[in-house]
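S.K.: One file: my_file-v9.txt (compact mmCIF, C-alpha atoms and all ligand atoms).
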```
# COMPACT_ATOMS: atom_id res chain seq x y z
CA MET L 1 13.41 -58.01 0.34
CA GLY L 2 15.15 -55.62 2.74
CA ARG L 3 18.00 -53.33 1.71
CA LEU L 4 20.17 -54.76 4.51
CA ASP L 5 19.17 -58.43 4.41
CA ASN L 6 21.80 -60.78 5.89
CA LYS L 7 23.90 -57.93 7.27
CA VAL L 8 25.00 -57.33 10.85
CA ALA L 9 25.24 -53.70 11.96
CA LEU L 10 26.66 -52.14 15.10
CA ILE L 11 25.37 -48.67 15.95
CA THR L 12 27.01 -46.57 18.67
CA GLY L 13 24.86 -44.16 20.67
CA GLY L 14 21.97 -46.25 19.36
CA ALA L 15 19.60 -45.88 22.32
CA ARG L 16 18.05 -42.53 21.39
CA GLY L 17 18.00 -39.73 18.83
CA GLN L 18 19.53 -40.46 15.43
CA GLY L 19 21.03 -43.76 16.58
CA GLU L 20 17.59 -44.97 17.62
CA ALA L 21 16.14 -43.98 14.22
CA GLU L 22 18.97 -45.88 12.49
CA SER L 23 18.40 -48.94 14.68
CA ARG L 24 14.69 -48.95 13.80
CA LEU L 25 15.26 -48.42 10.08
CA PHE L 26 18.04 -51.01 9.82
CA VAL L 27 15.91 -53.68 11.50
CA ALA L 28 13.01 -52.78 9.19
CA GLU L 29 15.39 -53.29 6.24
CA GLY L 30 16.42 -56.76 7.35
CA ALA L 31 19.65 -56.20 9.31
CA ARG L 32 20.57 -57.76 12.61
CA VAL L 33 21.41 -54.75 14.77
CA VAL L 34 23.62 -54.50 17.83
CA ILE L 35 22.47 -51.34 19.57
CA THR L 36 25.23 -49.96 21.78
CA ASP L 37 25.27 -47.01 24.17
CA VAL L 38 25.98 -45.98 27.74
CA LEU L 39 22.23 -45.49 28.35
CA ASP L 40 21.55 -49.10 29.32
CA ALA L 41 17.85 -48.86 30.22
CA GLU L 42 16.93 -47.01 27.00
CA GLY L 43 19.06 -49.36 24.89
CA GLU L 44 17.63 -52.51 26.44
CA ASN L 45 14.05 -51.25 26.05
CA LEU L 46 14.61 -50.41 22.40
CA ALA L 47 16.18 -53.80 21.67
CA ARG L 48 13.25 -55.55 23.38
CA GLU L 49 10.76 -53.52 21.34
CA LEU L 50 12.55 -54.32 18.06
CA GLY L 51 12.48 -58.06 18.72
CA GLU L 52 14.82 -60.87 17.78
CA MET L 53 16.76 -58.88 15.16
CA ALA L 54 18.07 -56.44 17.79
CA THR L 55 20.29 -56.83 20.83
CA TYR L 56 21.77 -54.31 23.22
CA ALA L 57 25.37 -54.17 24.46
CA ARG L 58 26.96 -51.53 26.66
CA LEU L 59 29.77 -49.78 24.78
CA ASP L 60 31.44 -46.60 25.96
CA VAL L 61 33.09 -45.52 22.73
CA THR L 62 36.05 -43.97 24.58
CA ASP L 63 37.04 -47.34 26.06
CA GLU L 64 39.37 -49.54 23.99
CA ASP L 65 38.56 -52.67 26.02
CA ASN L 66 34.82 -52.13 25.50
CA TRP L 67 35.39 -52.09 21.74
CA ASP L 68 37.43 -55.32 21.85
CA ARG L 69 34.77 -57.08 23.94
CA VAL L 70 31.77 -56.05 21.83
CA ILE L 71 33.46 -56.84 18.51
CA SER L 72 34.81 -60.19 19.69
CA ASP L 73 31.35 -61.14 21.03
CA LEU L 74 30.10 -60.87 17.43
CA GLY L 75 32.37 -63.76 16.45
CA PRO L 76 34.39 -64.23 13.23
CA GLY L 77 32.81 -62.66 10.15
CA GLY L 78 30.20 -61.10 12.40
CA LEU L 79 30.20 -57.47 11.34
CA ASP L 80 29.21 -55.83 8.04
CA ILE L 81 28.29 -52.27 9.07
CA LEU L 82 29.49 -49.86 11.74
CA VAL L 83 27.72 -46.55 12.37
CA ASN L 84 29.95 -44.34 14.53
CA ASN L 85 27.06 -42.20 15.75
CA ALA L 86 27.72 -41.59 19.49
CA GLY L 87 28.51 -37.98 20.26
CA ILE L 88 28.22 -35.17 22.78
CA ALA L 89 27.87 -31.42 22.26
CA LEU L 90 28.94 -29.47 25.33
CA MET L 91 28.60 -25.73 24.78
CA ALA L 92 31.07 -23.19 26.19
CA SER L 93 32.46 -20.00 24.73
CA LEU L 94 36.20 -20.25 24.06
CA LEU L 95 37.05 -17.71 26.77
CA ASP L 96 35.11 -19.63 29.44
CA ALA L 97 35.80 -23.22 28.39
CA THR L 98 38.06 -25.49 30.46
CA LEU L 99 40.63 -27.93 29.13
CA ASP L 100 38.59 -30.74 30.71
CA HIS L 101 35.58 -29.65 28.65
CA TYR L 102 37.64 -29.65 25.46
CA ARG L 103 39.20 -33.06 26.15
CA LYS L 104 35.85 -34.66 27.02
CA VAL L 105 34.31 -33.69 23.68
CA ILE L 106 37.40 -34.78 21.74
CA GLU L 107 37.51 -38.07 23.63
CA VAL L 108 33.93 -39.09 22.76
CA ASN L 109 33.48 -37.62 19.28
CA GLN L 110 36.98 -37.95 17.85
CA VAL L 111 38.84 -40.68 19.76
CA GLY L 112 35.64 -42.76 20.00
CA THR L 113 35.19 -42.66 16.22
CA TRP L 114 38.82 -43.55 15.61
CA LEU L 115 38.69 -46.50 18.03
CA GLY L 116 35.50 -47.71 16.34
CA MET L 117 36.97 -47.53 12.84
CA ARG L 118 40.07 -49.43 13.96
CA ALA L 119 38.15 -52.17 15.81
CA ALA L 120 35.56 -52.63 13.05
CA GLY L 121 38.20 -52.30 10.32
CA ARG L 122 40.17 -55.21 11.78
CA ALA L 123 37.04 -57.38 12.01
CA MET L 124 35.87 -56.47 8.50
CA ARG L 125 39.34 -57.05 7.01
CA ASP L 126 39.23 -60.61 8.32
CA SER L 127 35.77 -61.22 6.87
CA GLY L 128 36.15 -59.61 3.42
CA GLY L 129 34.74 -56.10 3.72
CA GLY L 130 32.04 -53.81 5.03
CA SER L 131 30.80 -50.25 5.36
CA ILE L 132 31.71 -47.72 8.06
CA VAL L 133 29.59 -44.59 8.40
CA ASN L 134 30.96 -41.80 10.61
CA ILE L 135 28.53 -39.19 11.88
CA SER L 136 30.26 -35.80 11.73
CA SER L 137 28.23 -32.57 11.47
CA ILE L 138 27.93 -29.40 9.45
CA ASP L 139 30.34 -28.27 12.17
CA GLY L 140 32.85 -30.38 10.26
CA PHE L 141 32.63 -27.64 7.60
CA HIS L 142 32.03 -24.40 9.48
CA GLY L 143 32.00 -22.91 12.98
CA MET L 144 29.19 -22.28 15.46
CA PRO L 145 29.30 -20.11 18.59
CA ALA L 146 30.38 -21.83 21.84
CA MET L 147 31.40 -24.96 19.92
CA THR L 148 35.20 -24.85 19.49
CA ALA L 149 35.62 -28.33 20.99
CA TYR L 150 32.72 -29.78 19.02
CA ALA L 151 33.87 -28.24 15.71
CA SER L 152 37.43 -29.52 16.31
CA SER L 153 36.11 -33.04 16.83
CA LYS L 154 33.78 -32.97 13.82
CA PHE L 155 36.41 -31.56 11.44
CA ALA L 156 38.64 -34.39 12.67
CA VAL L 157 35.97 -37.01 11.92
CA ARG L 158 35.65 -35.66 8.38
CA GLY L 159 39.42 -35.90 7.89
CA MET L 160 39.95 -39.32 9.45
CA THR L 161 37.12 -40.68 7.28
CA LYS L 162 39.11 -39.88 4.15
CA ALA L 163 42.41 -41.22 5.49
CA ALA L 164 40.70 -44.42 6.68
CA ALA L 165 39.01 -44.90 3.29
CA LEU L 166 42.50 -44.96 1.75
CA ASP L 167 43.80 -47.46 4.33
CA LEU L 168 40.82 -49.78 4.11
CA GLY L 169 39.79 -49.70 0.44
CA SER L 170 41.96 -52.65 -0.56
CA HIS L 171 40.19 -54.73 2.13
CA GLY L 172 36.77 -54.06 0.61
CA ILE L 173 35.82 -51.62 3.38
CA ARG L 174 34.17 -48.31 2.49
CA VAL L 175 34.24 -45.34 4.89
CA ASN L 176 32.05 -42.24 4.51
CA SER L 177 31.00 -39.32 6.68
CA VAL L 178 27.51 -37.89 7.21
CA HIS L 179 27.07 -34.24 8.17
CA PRO L 180 23.71 -33.53 9.80
CA GLY L 181 22.54 -29.93 10.21
CA LEU L 182 20.11 -28.98 12.99
CA ILE L 183 18.35 -32.23 13.88
CA ASP L 184 15.54 -32.31 16.40
CA THR L 185 16.91 -34.80 18.95
CA PRO L 186 17.76 -34.52 22.68
CA MET L 187 21.14 -33.04 21.63
CA LEU L 188 19.41 -29.91 20.33
CA VAL L 189 18.37 -28.93 23.86
CA THR L 190 21.95 -29.18 25.19
CA GLY L 191 22.04 -25.38 25.41
CA GLY L 192 18.55 -25.27 26.98
CA GLN L 193 15.01 -25.00 25.62
CA GLU L 194 15.60 -21.36 24.59
CA VAL L 195 18.45 -22.34 22.28
CA ARG L 196 16.21 -25.08 20.79
CA GLU L 197 13.48 -22.45 20.13
CA SER L 198 15.89 -20.04 18.51
CA LEU L 199 17.35 -22.79 16.30
CA GLY L 200 13.80 -23.74 15.28
CA LYS L 201 13.21 -20.13 14.16
CA LEU L 202 16.53 -20.10 12.31
CA ALA L 203 15.58 -23.30 10.49
CA GLU L 204 12.55 -21.54 8.98
CA THR L 205 15.02 -19.50 6.89
CA PHE L 206 16.71 -22.60 5.37
CA PRO L 207 15.78 -23.71 1.83
CA VAL L 208 13.90 -26.72 3.28
CA GLY L 209 12.41 -24.45 5.98
CA ARG L 210 12.40 -26.71 9.04
CA LEU L 211 14.56 -28.57 11.53
CA GLY L 212 15.71 -32.03 10.42
CA THR L 213 14.36 -35.23 11.92
CA ALA L 214 16.37 -38.23 13.08
CA LYS L 215 14.77 -40.17 10.22
CA ASP L 216 16.03 -37.64 7.64
CA VAL L 217 19.56 -38.59 8.67
CA ALA L 218 18.87 -42.31 9.13
CA GLN L 219 17.73 -42.62 5.51
CA VAL L 220 21.07 -41.32 4.23
CA VAL L 221 22.96 -43.54 6.65
CA LEU L 222 20.94 -46.51 5.37
CA PHE L 223 22.04 -45.76 1.79
CA LEU L 224 25.70 -45.60 2.84
CA ALA L 225 25.42 -48.78 4.92
CA SER L 226 23.84 -50.70 2.04
CA ASP L 227 25.44 -52.07 -1.13
CA GLU L 228 23.57 -49.36 -3.10
CA SER L 229 26.45 -46.98 -2.27
CA GLY L 230 29.09 -49.47 -3.42
CA TYR L 231 31.03 -46.84 -5.44
CA CYS L 232 31.08 -44.22 -2.62
CA THR L 233 34.00 -44.04 -0.23
CA GLY L 234 36.01 -41.33 1.52
CA THR L 235 33.34 -38.77 0.85
CA GLU L 236 30.85 -36.50 2.60
CA PHE L 237 27.06 -36.51 2.70
CA VAL L 238 25.44 -33.35 4.03
CA VAL L 239 21.90 -33.64 5.48
CA ASP L 240 21.11 -30.07 6.51
CA GLY L 241 18.05 -28.78 4.63
CA GLY L 242 20.37 -26.40 2.74
CA LEU L 243 21.85 -24.70 5.82
CA ILE L 244 25.41 -24.51 4.48
CA ALA L 245 24.40 -23.90 0.85
CA GLY L 246 24.68 -20.15 1.48
CA VAL L 247 22.76 -17.21 2.91
CA THR L 248 19.55 -16.05 1.32
CA PHE L 249 18.00 -12.56 0.96
CA ASP L 250 15.10 -10.92 -0.86
CA THR L 251 15.85 -10.18 -4.52
N1 LIG W 1 21.21 -33.20 16.79
C1 LIG W 1 21.91 -32.44 15.97
O1 LIG W 1 21.50 -31.31 15.64
C2 LIG W 1 23.20 -32.94 15.38
C3 LIG W 1 23.77 -32.19 14.34
C4 LIG W 1 24.95 -32.64 13.76
C5 LIG W 1 25.54 -33.80 14.19
N2 LIG W 1 24.97 -34.51 15.22
C6 LIG W 1 25.66 -35.74 15.62
O2 LIG W 1 24.78 -36.82 15.46
C7 LIG W 1 25.13 -37.88 16.37
C8 LIG W 1 23.89 -38.35 17.12
O3 LIG W 1 23.42 -37.29 17.94
P1 LIG W 1 21.87 -37.08 18.32
O4 LIG W 1 21.43 -35.86 17.64
O5 LIG W 1 21.12 -38.34 18.10
O6 LIG W 1 22.02 -36.75 19.88
P2 LIG W 1 21.62 -37.59 21.19
O7 LIG W 1 22.22 -36.82 22.31
O8 LIG W 1 20.17 -37.85 21.20
O9 LIG W 1 22.34 -39.00 21.01
C9 LIG W 1 23.70 -39.21 21.25
C10 LIG W 1 23.86 -40.62 21.78
O10 LIG W 1 25.26 -40.85 22.02
C11 LIG W 1 25.39 -41.53 23.26
N3 LIG W 1 26.71 -41.34 23.86
C12 LIG W 1 27.24 -40.21 24.40
N4 LIG W 1 28.47 -40.47 24.91
C13 LIG W 1 28.73 -41.79 24.66
C14 LIG W 1 29.83 -42.64 24.90
N5 LIG W 1 30.94 -42.20 25.55
N6 LIG W 1 29.75 -43.92 24.48
C15 LIG W 1 28.65 -44.38 23.84
N7 LIG W 1 27.56 -43.63 23.59
C16 LIG W 1 27.61 -42.34 23.98
C17 LIG W 1 24.29 -40.91 24.13
O11 LIG W 1 24.02 -41.71 25.28
C18 LIG W 1 23.14 -40.83 23.14
O12 LIG W 1 22.38 -42.01 23.11
C19 LIG W 1 26.23 -37.29 17.26
O13 LIG W 1 27.49 -37.71 16.80
C20 LIG W 1 26.08 -35.80 17.06
O14 LIG W 1 27.28 -35.10 17.33
C21 LIG W 1 23.83 -34.10 15.83
```
Any chance you could put this one into structure tokens?
Ligand SMILES: NC(=O)c1ccc[n+]([C@@H]2O[C@H](COP(=O)([O-])OP(=O)(O)OC[C@H]3O[C@@H](n4cnc5c(N)ncnc54)[C@H](O)[C@@H]3O)[C@@H](O)[C@H]2O)c1

M.R.:
Amino acid sequence: MGRLDNKVALITGGARGQGEAESRLFVAEGARVVITDVLDAEGENLARELGEMATYARLDVTDEDNWDRVISDLGPGGLDILVNNAGIALMASLLDATLDHYRKVIEVNQVGTWLGMRAAGRAMRDSGGGSIVNISSIDGFHGMPAMTAYASSKFAVRGMTKAAALDLGSHGIRVNSVHPGLIDTPMLVTGGQEVRESLGKLAETFPVGRLGTAKDVAQVVLFLASDESGYCTGTEFVVDGGLIAGVTFDT
């Protein structure tokens, strides 16, 4: 028996990285998965590889009409789980960043998550409940250099998760946020290979002593998507190898 048997899940940004790992794990646990992204070729290939339990649909999370189309294509009662995973991490120091840069990050990470919660919330209300998992970041708790836009968006995701949990609880819908640390996906090379190398070195100082994998995060998302987390809502799950637990030194 799978942990997600008879459930339908929609995963945004599902074509690669953490979204891909979630798509694979959810199918392995018995869910029917709608992989969505703006990377059509990657998404279609992944859906083909995963077989009849997976389909691909193009969904730009910033586009309200896209959300309406994809959710209505699922039909009545057709959605149990939404993973708001799509995100971008453009790096620019505050003094060099443009307003366009700031708005682009907010639009995808923050507005996209809000649109997803609203669209899925309406569908789940009509069918008796569900689980929404919002992917924030440790940057929803603290700052990082050259990431003012990203941190703004991820703090916002953490906050809107709690407010949405209050709005949706009476409809049987749970909403939680996941806060990955440094996860080894294509996003980690946004600042170039050198930044990736230096983050890898930094990770050796964490309690767990390594970068995270997409699967490390997917396993926590699976728990929140499943009925096993039935008493968890409006709360935060950090998956960071101990990064924000504190600084360490020789004693
Ligand atoms: N990698 C990390 O270290 C890290 C750390 C903390 C949080 N996160 C968050 O985890 C989530 C997944 O990131 P990842 O690490 O897998 O990175 P990734 O870059 O591999 O994946 C992000 C996915 O989002 C998709 N996407 C981007 N803009 C989109 C849009 N407008 N509409 C739909 N899809 C869009 C991309 O095409 C891509 O498939 C993101 O929300 C990210 O902010 C990542």

S.K.: Per residue of chain L within 6 Å of ligand LIG 1 (chain W), which atom pair is closest and at what distance in Å (one decimal), using only C-alpha atoms and all ligand atoms, listed by chain and increasing number, as a Markdown table?

M.R.:
```
| residue | atom | partner | partner_atom | distance |
| --- | --- | --- | --- | --- |
| L:Thr12 | CA | W:LIG1 | N7 | 5.8 |
| L:Gly13 | CA | W:LIG1 | O10 | 3.6 |
| L:Gly14 | CA | W:LIG1 | O12 | 5.7 |
| L:Ala15 | CA | W:LIG1 | O12 | 4.8 |
| L:Arg16 | CA | W:LIG1 | O12 | 4.7 |
| L:Gly17 | CA | W:LIG1 | O5 | 3.5 |
| L:Gln18 | CA | W:LIG1 | O5 | 3.8 |
| L:Gly19 | CA | W:LIG1 | O5 | 5.6 |
| L:Asp37 | CA | W:LIG1 | N7 | 4.1 |
| L:Val38 | CA | W:LIG1 | C15 | 5.0 |
| L:Leu39 | CA | W:LIG1 | O11 | 5.2 |
| L:Leu59 | CA | W:LIG1 | C15 | 5.6 |
| L:Asp60 | CA | W:LIG1 | N6 | 3.5 |
| L:Val61 | CA | W:LIG1 | N6 | 4.1 |
| L:Thr62 | CA | W:LIG1 | N5 | 5.5 |
| L:Asn85 | CA | W:LIG1 | O13 | 4.6 |
| L:Ala86 | CA | W:LIG1 | O10 | 3.6 |
| L:Gly87 | CA | W:LIG1 | O13 | 3.6 |
| L:Ile88 | CA | W:LIG1 | C12 | 5.4 |
| L:Val108 | CA | W:LIG1 | N5 | 5.1 |
| L:Ile135 | CA | W:LIG1 | O13 | 5.2 |
| L:Ser136 | CA | W:LIG1 | C5 | 5.7 |
| L:Ser137 | CA | W:LIG1 | C4 | 4.0 |
| L:Pro180 | CA | W:LIG1 | C4 | 4.2 |
| L:Gly181 | CA | W:LIG1 | C3 | 4.9 |
| L:Leu182 | CA | W:LIG1 | O1 | 3.8 |
| L:Ile183 | CA | W:LIG1 | O1 | 3.7 |
| L:Asp184 | CA | W:LIG1 | N1 | 5.8 |
| L:Thr185 | CA | W:LIG1 | O4 | 4.8 |
| L:Pro186 | CA | W:LIG1 | O8 | 4.4 |
| L:Met187 | CA | W:LIG1 | O7 | 4.0 |
| L:Leu188 | CA | W:LIG1 | N1 | 5.2 |
```

S.K.: My list of candidates is L:Val239, L:Ala9, L:Ile106, L:Val178. Which is closest to Arg158 (chain L) when distances are computed with all atoms listed in the file?

M.R.: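 Counting all atoms listed in the file, the residue closest to Arg158 (chain L) is L:Val178.
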
S.K.: Please compute the CA of Gln219 (chain L)-CA of Val8 (chain L) distance, one decimal, in Å.

M.R.: 17.3 Å

S.K.: Ranking L:Leu243, L:Val34, L:Ala92, L:Leu46 by minimum distance to Arg210 (chain L) and counting only C-alpha atoms, which one comes first?

M.R.: L:Leu243

S.K.: Select, from L:Leu82, L:Val33, L:Val220, L:Leu168, the residue with the minimum atom-to-atom distance to Gly128 (chain L), counting all atoms listed in the file.

M.R.: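 Under the stated criterion, the closest residue is L:Leu168.
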
S.K.: Give the answer as one residue: which of L:Thr205, L:Asn134, L:Ser152, L:Thr98 has the shortest atom-to-atom distance to Thr233 (chain L), using all atoms listed in the file?

M.R.: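 Nearest to Thr233 (chain L): L:Asn134.
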
S.K.: State, in Å with one decimal place, the distance from CA of Asp80 (chain L) to CA of Asn66 (chain L).

M.R.: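 Going from CA of Asp80 (chain L) over to CA of Asn66 (chain L) covers 18.7 Å.
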